[in-house]
>>> print(open('target.cif').read())   # mmCIF, C-alpha atoms
data_final
#
loop_
_atom_site.label_atom_id
_atom_site.label_comp_id
_atom_site.auth_asym_id
_atom_site.auth_seq_id
_atom_site.Cartn_x
_atom_site.Cartn_y
_atom_site.Cartn_z
CA MET A 830 -78.83 9.45 -56.90
CA ILE A 831 -77.25 12.49 -58.57
CA ILE A 832 -73.56 12.20 -57.63
CA GLN A 833 -71.59 9.28 -56.27
CA THR A 834 -67.87 8.85 -55.65
CA GLU A 835 -65.94 5.58 -55.53
CA ASN A 836 -62.55 5.52 -53.75
CA LEU A 837 -61.91 9.05 -55.02
CA CYS A 838 -58.29 10.22 -54.67
CA PHE A 839 -56.34 13.32 -55.63
CA ALA A 840 -52.73 14.19 -54.81
CA TYR A 841 -50.95 17.52 -54.41
CA PRO A 842 -47.23 17.66 -53.49
CA LYS A 843 -48.07 18.07 -49.79
CA PHE A 844 -51.69 16.91 -49.61
CA ALA A 845 -53.80 13.93 -50.61
CA LEU A 846 -57.53 13.33 -50.88
CA ARG A 847 -57.88 9.63 -50.04
CA ASP A 848 -60.58 7.07 -50.82
CA VAL A 849 -63.55 9.42 -50.59
CA ASN A 850 -66.87 7.58 -50.86
CA PHE A 851 -70.25 9.27 -50.58
CA SER A 852 -73.45 9.91 -52.52
CA LEU A 853 -75.64 12.96 -53.05
CA HIS A 854 -79.34 12.58 -53.74
CA ALA A 855 -82.05 14.74 -55.31
CA GLY A 856 -83.63 17.12 -52.82
CA GLU A 857 -80.79 16.67 -50.29
CA LEU A 858 -78.51 19.35 -48.85
CA LEU A 859 -75.28 17.65 -47.82
CA ALA A 860 -72.86 19.86 -45.89
CA ILE A 861 -69.11 19.17 -45.86
CA THR A 862 -67.35 20.80 -42.91
CA GLY A 863 -63.71 20.79 -41.84
CA ALA A 864 -60.64 22.92 -41.27
CA ASN A 865 -58.89 24.97 -43.94
CA GLY A 866 -56.70 22.72 -46.05
CA SER A 867 -58.63 19.56 -45.20
CA GLY A 868 -59.68 18.99 -48.81
CA LYS A 869 -63.20 20.40 -49.03
CA THR A 870 -62.64 22.71 -52.01
CA THR A 871 -60.55 20.06 -53.78
CA LEU A 872 -63.48 17.65 -53.47
CA GLY A 873 -65.89 20.23 -54.87
CA LYS A 874 -63.66 20.84 -57.87
CA LEU A 875 -63.36 17.11 -58.55
CA LEU A 876 -67.15 16.76 -58.56
CA CYS A 877 -67.64 19.46 -61.19
CA GLY A 878 -64.74 18.52 -63.47
CA LEU A 879 -62.35 21.34 -62.62
CA LEU A 880 -59.91 18.71 -61.37
CA LYS A 881 -59.43 15.12 -62.51
CA PRO A 882 -59.02 12.28 -59.98
CA SER A 883 -55.65 10.58 -59.67
CA LYS A 884 -57.55 7.43 -58.72
CA GLY A 885 -61.16 6.38 -58.22
CA ALA A 886 -64.24 7.76 -59.95
CA VAL A 887 -67.02 10.34 -59.93
CA PHE A 888 -70.41 9.15 -61.18
CA ILE A 889 -73.19 11.54 -62.21
CA HIS A 890 -76.61 9.98 -62.75
CA GLY A 891 -74.79 6.65 -62.60
CA GLU A 892 -72.39 7.44 -65.44
CA ASP A 893 -68.63 7.37 -64.97
CA THR A 894 -67.35 10.88 -65.77
CA ALA A 895 -63.73 9.88 -66.42
CA ASP A 896 -63.91 10.87 -70.09
CA TRP A 897 -66.29 13.81 -69.73
CA ARG A 898 -65.35 17.27 -70.96
CA LEU A 899 -65.86 20.24 -68.64
CA ALA A 900 -68.92 21.33 -70.65
CA GLN A 901 -70.58 17.98 -69.93
CA PHE A 902 -70.17 18.50 -66.19
CA GLY A 903 -71.70 21.96 -66.61
CA GLN A 904 -74.88 20.44 -68.01
CA HIS A 905 -75.49 18.66 -64.71
CA VAL A 906 -73.55 20.43 -61.95
CA GLY A 907 -73.32 24.12 -61.09
CA TYR A 908 -70.32 25.27 -59.03
CA LEU A 909 -70.24 28.52 -57.03
CA PHE A 910 -66.67 29.69 -56.35
CA GLN A 911 -65.61 31.20 -53.04
CA GLU A 912 -65.06 34.42 -55.01
CA PRO A 913 -68.23 34.75 -57.13
CA GLY A 914 -66.83 37.67 -59.14
CA ARG A 915 -64.59 35.15 -60.92
CA GLN A 916 -67.61 33.73 -62.77
CA ILE A 917 -69.25 36.98 -63.86
CA PHE A 918 -68.29 38.29 -67.29
CA ALA A 919 -70.98 40.49 -68.87
CA PRO A 920 -71.05 44.29 -68.51
CA THR A 921 -74.51 44.50 -66.90
CA VAL A 922 -76.53 42.32 -64.56
CA LEU A 923 -79.24 41.52 -67.10
CA GLU A 924 -76.72 40.75 -69.84
CA GLU A 925 -75.00 38.27 -67.53
CA LEU A 926 -78.19 36.19 -67.66
CA THR A 927 -79.06 36.65 -71.32
CA PHE A 928 -75.81 36.36 -73.26
CA THR A 929 -75.28 32.65 -72.55
CA GLN A 930 -78.86 31.94 -73.54
CA GLU A 931 -78.32 33.80 -76.80
CA LEU A 932 -75.28 31.59 -77.46
CA ASP A 933 -77.61 28.61 -77.06
CA ASP A 934 -80.09 30.16 -79.53
CA VAL A 935 -82.79 30.65 -76.91
CA PRO A 936 -85.43 33.04 -78.36
CA GLN A 937 -84.99 36.57 -77.00
CA GLU A 938 -88.45 36.76 -75.44
CA GLU A 939 -87.89 33.49 -73.59
CA SER A 940 -84.37 34.54 -72.56
CA GLN A 941 -85.56 37.84 -71.12
CA ALA A 942 -88.45 36.19 -69.27
CA ARG A 943 -86.20 33.60 -67.64
CA ALA A 944 -83.61 36.24 -66.69
CA HIS A 945 -86.19 38.53 -65.09
CA GLU A 946 -87.75 35.59 -63.23
CA LEU A 947 -84.40 34.76 -61.63
CA LEU A 948 -83.57 38.40 -60.87
CA ALA A 949 -86.89 38.74 -59.05
CA ARG A 950 -86.32 35.51 -57.14
CA PHE A 951 -82.94 36.76 -55.89
CA GLU A 952 -84.07 40.36 -55.27
CA LEU A 953 -81.86 41.78 -58.03
CA THR A 954 -84.49 43.30 -60.31
CA HIS A 955 -83.58 46.86 -59.31
CA LEU A 956 -79.99 46.18 -60.46
CA ALA A 957 -80.84 44.77 -63.90
CA GLU A 958 -79.15 47.58 -65.85
CA GLN A 959 -76.32 48.16 -63.38
CA SER A 960 -72.68 47.41 -64.20
CA THR A 961 -71.51 44.10 -62.76
CA LEU A 962 -68.30 45.88 -61.70
CA THR A 963 -70.21 47.89 -59.09
CA LEU A 964 -71.89 44.94 -57.33
CA SER A 965 -71.20 44.06 -53.71
CA ARG A 966 -69.92 40.59 -52.91
CA GLY A 967 -73.39 39.48 -51.85
CA GLU A 968 -74.90 40.81 -55.07
CA GLN A 969 -72.17 39.08 -57.10
CA GLN A 970 -72.95 35.82 -55.33
CA ARG A 971 -76.68 36.04 -56.01
CA LEU A 972 -76.05 36.91 -59.65
CA ALA A 973 -73.63 33.99 -60.02
CA LEU A 974 -76.27 31.68 -58.55
CA CYS A 975 -78.81 33.02 -61.03
CA GLY A 976 -76.38 32.18 -63.81
CA LEU A 977 -75.95 28.63 -62.53
CA LEU A 978 -79.70 28.07 -62.25
CA LEU A 979 -80.25 29.15 -65.85
CA ASN A 980 -78.97 25.71 -66.87
CA ARG A 981 -81.38 23.99 -64.46
CA PRO A 982 -78.59 21.82 -62.99
CA ALA A 983 -79.34 18.59 -61.16
CA ALA A 984 -76.80 19.53 -58.47
CA LEU A 985 -75.27 22.68 -57.01
CA ILE A 986 -71.90 22.85 -55.26
CA LEU A 987 -71.54 25.95 -53.11
CA ASP A 988 -68.09 26.76 -51.71
CA GLU A 989 -68.33 28.92 -48.55
CA PRO A 990 -71.43 30.78 -49.82
CA THR A 991 -72.11 32.74 -46.60
CA THR A 992 -68.71 34.47 -46.50
CA GLY A 993 -69.31 38.24 -46.31
CA LEU A 994 -73.10 37.94 -46.11
CA ASP A 995 -75.11 39.75 -43.46
CA PRO A 996 -77.96 37.91 -41.65
CA ARG A 997 -80.61 39.08 -44.12
CA ARG A 998 -78.60 37.88 -47.12
CA CYS A 999 -78.09 34.55 -45.35
CA GLU A 1000 -81.86 34.31 -44.99
CA ILE A 1001 -82.26 34.95 -48.72
CA LEU A 1002 -79.71 32.23 -49.45
CA SER A 1003 -81.51 29.81 -47.13
CA ARG A 1004 -84.81 30.49 -48.87
CA MET A 1005 -83.22 29.98 -52.28
CA LEU A 1006 -81.69 26.68 -51.19
CA GLY A 1007 -85.05 25.56 -49.84
CA ASP A 1008 -86.64 26.32 -53.21
CA CYS A 1009 -83.91 24.34 -54.98
CA LEU A 1010 -84.41 21.34 -52.72
CA ALA A 1011 -88.17 21.49 -53.30
CA ASP A 1012 -87.46 21.40 -57.03
CA GLY A 1013 -85.41 18.22 -56.56
CA VAL A 1014 -81.98 19.83 -56.93
CA ALA A 1015 -79.18 18.22 -54.92
CA VAL A 1016 -76.98 20.68 -53.01
CA LEU A 1017 -73.46 20.14 -51.68
CA LEU A 1018 -72.58 22.90 -49.22
CA ILE A 1019 -68.90 23.42 -48.32
CA SER A 1020 -68.86 25.65 -45.28
CA HIS A 1021 -67.25 26.73 -42.00
CA ASP A 1022 -70.50 28.46 -40.97
CA ALA A 1023 -71.76 26.09 -38.28
CA ALA A 1024 -75.00 27.98 -37.67
CA PHE A 1025 -75.91 28.05 -41.36
CA VAL A 1026 -75.04 24.37 -41.76
CA GLN A 1027 -77.13 23.34 -38.77
CA ALA A 1028 -80.09 25.39 -39.99
CA ASN A 1029 -80.06 24.10 -43.56
CA ALA A 1030 -78.30 20.76 -43.95
CA THR A 1031 -80.18 17.48 -44.20
CA ARG A 1032 -76.90 15.59 -43.68
CA ILE A 1033 -73.42 16.62 -42.48
CA LEU A 1034 -70.03 15.03 -43.17
CA ARG A 1035 -66.64 16.20 -41.87
CA MET A 1036 -63.45 16.35 -43.96
CA THR A 1037 -60.24 15.67 -42.02
CA GLU A 1038 -56.86 15.42 -43.75
CA GLY A 1039 -58.37 14.40 -47.07
CA GLN A 1040 -60.89 11.87 -45.75
CA LEU A 1041 -64.63 12.07 -45.08
CA HIS A 1042 -66.17 11.08 -41.76
CA GLU A 1043 -69.63 11.06 -40.26
CA ASN A 1044 -70.08 14.25 -38.25
#
>>> encode(input="target.cif", output="structure tokens")
Amino acid sequence: MIIQTENLCFAYPKFALRDVNFSLHAGELLAITGANGSGKTTLGKLLCGLLKPSKGAVFIHGEDTADWRLAQFGQHVGYLFQEPGRQIFAPTVLEELTFTQELDDVPQEESQARAHELLARFELTHLAEQSTLTLSRGEQQRLALCGLLLNRPAALILDEPTTGLDPRRCEILSRMLGDCLADGVAVLLISHDAAFVQANATRILRMTEGQLHEN
């Protein structure tokens, strides 16, 4: 079991996430569906440490994360925002995948090899020297996913990842998710895209007014 929640709650002035209990396992793609404002994105942010529960707990690998810093979550869980451009910082595509490795003192040869491996996997090799400011939304998304996978996370949380993608890019995303599942990564997919969910999910839950239900 990678992630588990126990009576997880979070309150906004006009919204509450209430007693959410579920688990996410290695090699599983769990889809969370539901209307806008039902709490899906709030749940995703709680699972990766961007928000703190008002009650209840999030466990990762069986450990209560109540006292974890954000960096500790990042060692285990990768989160893809609805707007992937928000998590891209370097001037070029290749630098986006090498500068964080350099901060971690990864040898340059190893850093370059890992970056080029991911660029090839996501069909971005031809853009390696291109400015990140010129990327399309789909290209930004694939680059952001590359950046998440650099850390080899145990779980990925993807918030509406098919928004703005054409059918071919959705196929690429499906293939990438299949590879992740085969590698034992757990995937939580937050999505309105019923066709994509049905084609890729191993389990589906529905969020309604801050609570999870079997689909």
>>> residues_around(input="target.cif", residues="range 1027-1044 of chain A", least_positions_apart="6", cutoff="8 Å", atoms="all atoms listed in the file", output="PDB file with C-alpha atoms, in the frame of the given file")
ATOM      1  CA  PHE A 844     -51.690  16.910 -49.610  1.00  0.00           C
ATOM      2  CA  ALA A 845     -53.800  13.930 -50.610  1.00  0.00           C
ATOM      3  CA  LEU A 846     -57.530  13.330 -50.880  1.00  0.00           C
ATOM      4  CA  ARG A 847     -57.880   9.630 -50.040  1.00  0.00           C
ATOM      5  CA  ASP A 848     -60.580   7.070 -50.820  1.00  0.00           C
ATOM      6  CA  VAL A 849     -63.550   9.420 -50.590  1.00  0.00           C
ATOM      7  CA  ASN A 850     -66.870   7.580 -50.860  1.00  0.00           C
ATOM      8  CA  GLU A 857     -80.790  16.670 -50.290  1.00  0.00           C
ATOM      9  CA  LEU A 858     -78.510  19.350 -48.850  1.00  0.00           C
ATOM     10  CA  LEU A 859     -75.280  17.650 -47.820  1.00  0.00           C
ATOM     11  CA  ALA A 860     -72.860  19.860 -45.890  1.00  0.00           C
ATOM     12  CA  ILE A 861     -69.110  19.170 -45.860  1.00  0.00           C
ATOM     13  CA  THR A 862     -67.350  20.800 -42.910  1.00  0.00           C
ATOM     14  CA  GLY A 863     -63.710  20.790 -41.840  1.00  0.00           C
ATOM     15  CA  ALA A 864     -60.640  22.920 -41.270  1.00  0.00           C
ATOM     16  CA  GLY A 866     -56.700  22.720 -46.050  1.00  0.00           C
ATOM     17  CA  SER A 867     -58.630  19.560 -45.200  1.00  0.00           C
ATOM     18  CA  GLY A 868     -59.680  18.990 -48.810  1.00  0.00           C
ATOM     19  CA  LYS A 869     -63.200  20.400 -49.030  1.00  0.00           C
ATOM     20  CA  SER A1003     -81.510  29.810 -47.130  1.00  0.00           C
TER      21      SER A1003
END
>>> residues_around(input="target.cif", residues="range 950-959 of chain A", least_positions_apart="2", cutoff="9 Å", atoms="only C-alpha atoms", output="CSV table (one decimal) with C-alpha atoms, in the coordinates of the input")
chain,number,residue,atom,x,y,z
A,920,PRO,CA,-71.0,44.3,-68.5
A,921,THR,CA,-74.5,44.5,-66.9
A,922,VAL,CA,-76.5,42.3,-64.6
A,923,LEU,CA,-79.2,41.5,-67.1
A,924,GLU,CA,-76.7,40.8,-69.8
A,945,HIS,CA,-86.2,38.5,-65.1
A,946,GLU,CA,-87.8,35.6,-63.2
A,947,LEU,CA,-84.4,34.8,-61.6
A,948,LEU,CA,-83.6,38.4,-60.9
A,961,THR,CA,-71.5,44.1,-62.8
A,962,LEU,CA,-68.3,45.9,-61.7
A,963,THR,CA,-70.2,47.9,-59.1
A,964,LEU,CA,-71.9,44.9,-57.3
A,968,GLU,CA,-74.9,40.8,-55.1
A,971,ARG,CA,-76.7,36.0,-56.0
A,972,LEU,CA,-76.0,36.9,-59.6
A,974,LEU,CA,-76.3,31.7,-58.6
A,975,CYS,CA,-78.8,33.0,-61.0
A,1001,ILE,CA,-82.3,35.0,-48.7
A,1002,LEU,CA,-79.7,32.2,-49.4
A,1005,MET,CA,-83.2,30.0,-52.3
>>> atom_distance(input="target.cif", atom1="CA of Ala984 in chain A", atom2="CA of Val1016 in chain A")
5.6 Å
>>> atom_distance(input="target.cif", atom1="CA of Pro913 in chain A", atom2="CA of Lys843 in chain A")
27.2 Å
>>> closest_residue(input="target.cif", among="A:Tyr908, A:Phe1025, A:Phe902, A:Phe928", to="Val887 in chain A", atoms="only C-alpha atoms")
A:Phe902
>>> closest_residue(input="target.cif", among="A:Gln904, A:Thr870, A:Ser852, A:Asn836", to="Ala1015 in chain A", atoms="all atoms listed in the file")
A:Ser852
>>> closest_residue(input="target.cif", among="A:Ile986, A:Cys1009, A:Leu977, A:Gly891", to="Leu875 in chain A", atoms="all atoms listed in the file")
A:Ile986
>>> atom_distance(input="target.cif", atom1="CA of Asp1008 in chain A", atom2="CA of Leu987 in chain A")
15.1 Å
>>> closest_residue(input="target.cif", among="A:Thr834, A:Asn865, A:Gln930, A:Ser965", to="Leu979 in chain A", atoms="all atoms listed in the file")
A:Gln930
>>> axis_aligned_box(input="target.cif", around="range 1013-1026 of chain A", padding_each_side="3 Å", output="lines of an AutoDock Vina configuration file")
center_x = -76.3
center_y = 23.3
center_z = -47.3
size_x = 24.2
size_y = 16.2
size_z = 25.3
>>> closest_residue(input="target.cif", among="A:Leu985, A:Arg943, A:Gln969, A:Ala949", to="Arg915 in chain A", atoms="only C-alpha atoms")
A:Gln969
>>> closest_residue(input="target.cif", among="A:Leu994, A:Ala1011, A:Ala983, A:Leu872", to="Ala840 in chain A", atoms="all atoms listed in the file")
A:Leu872
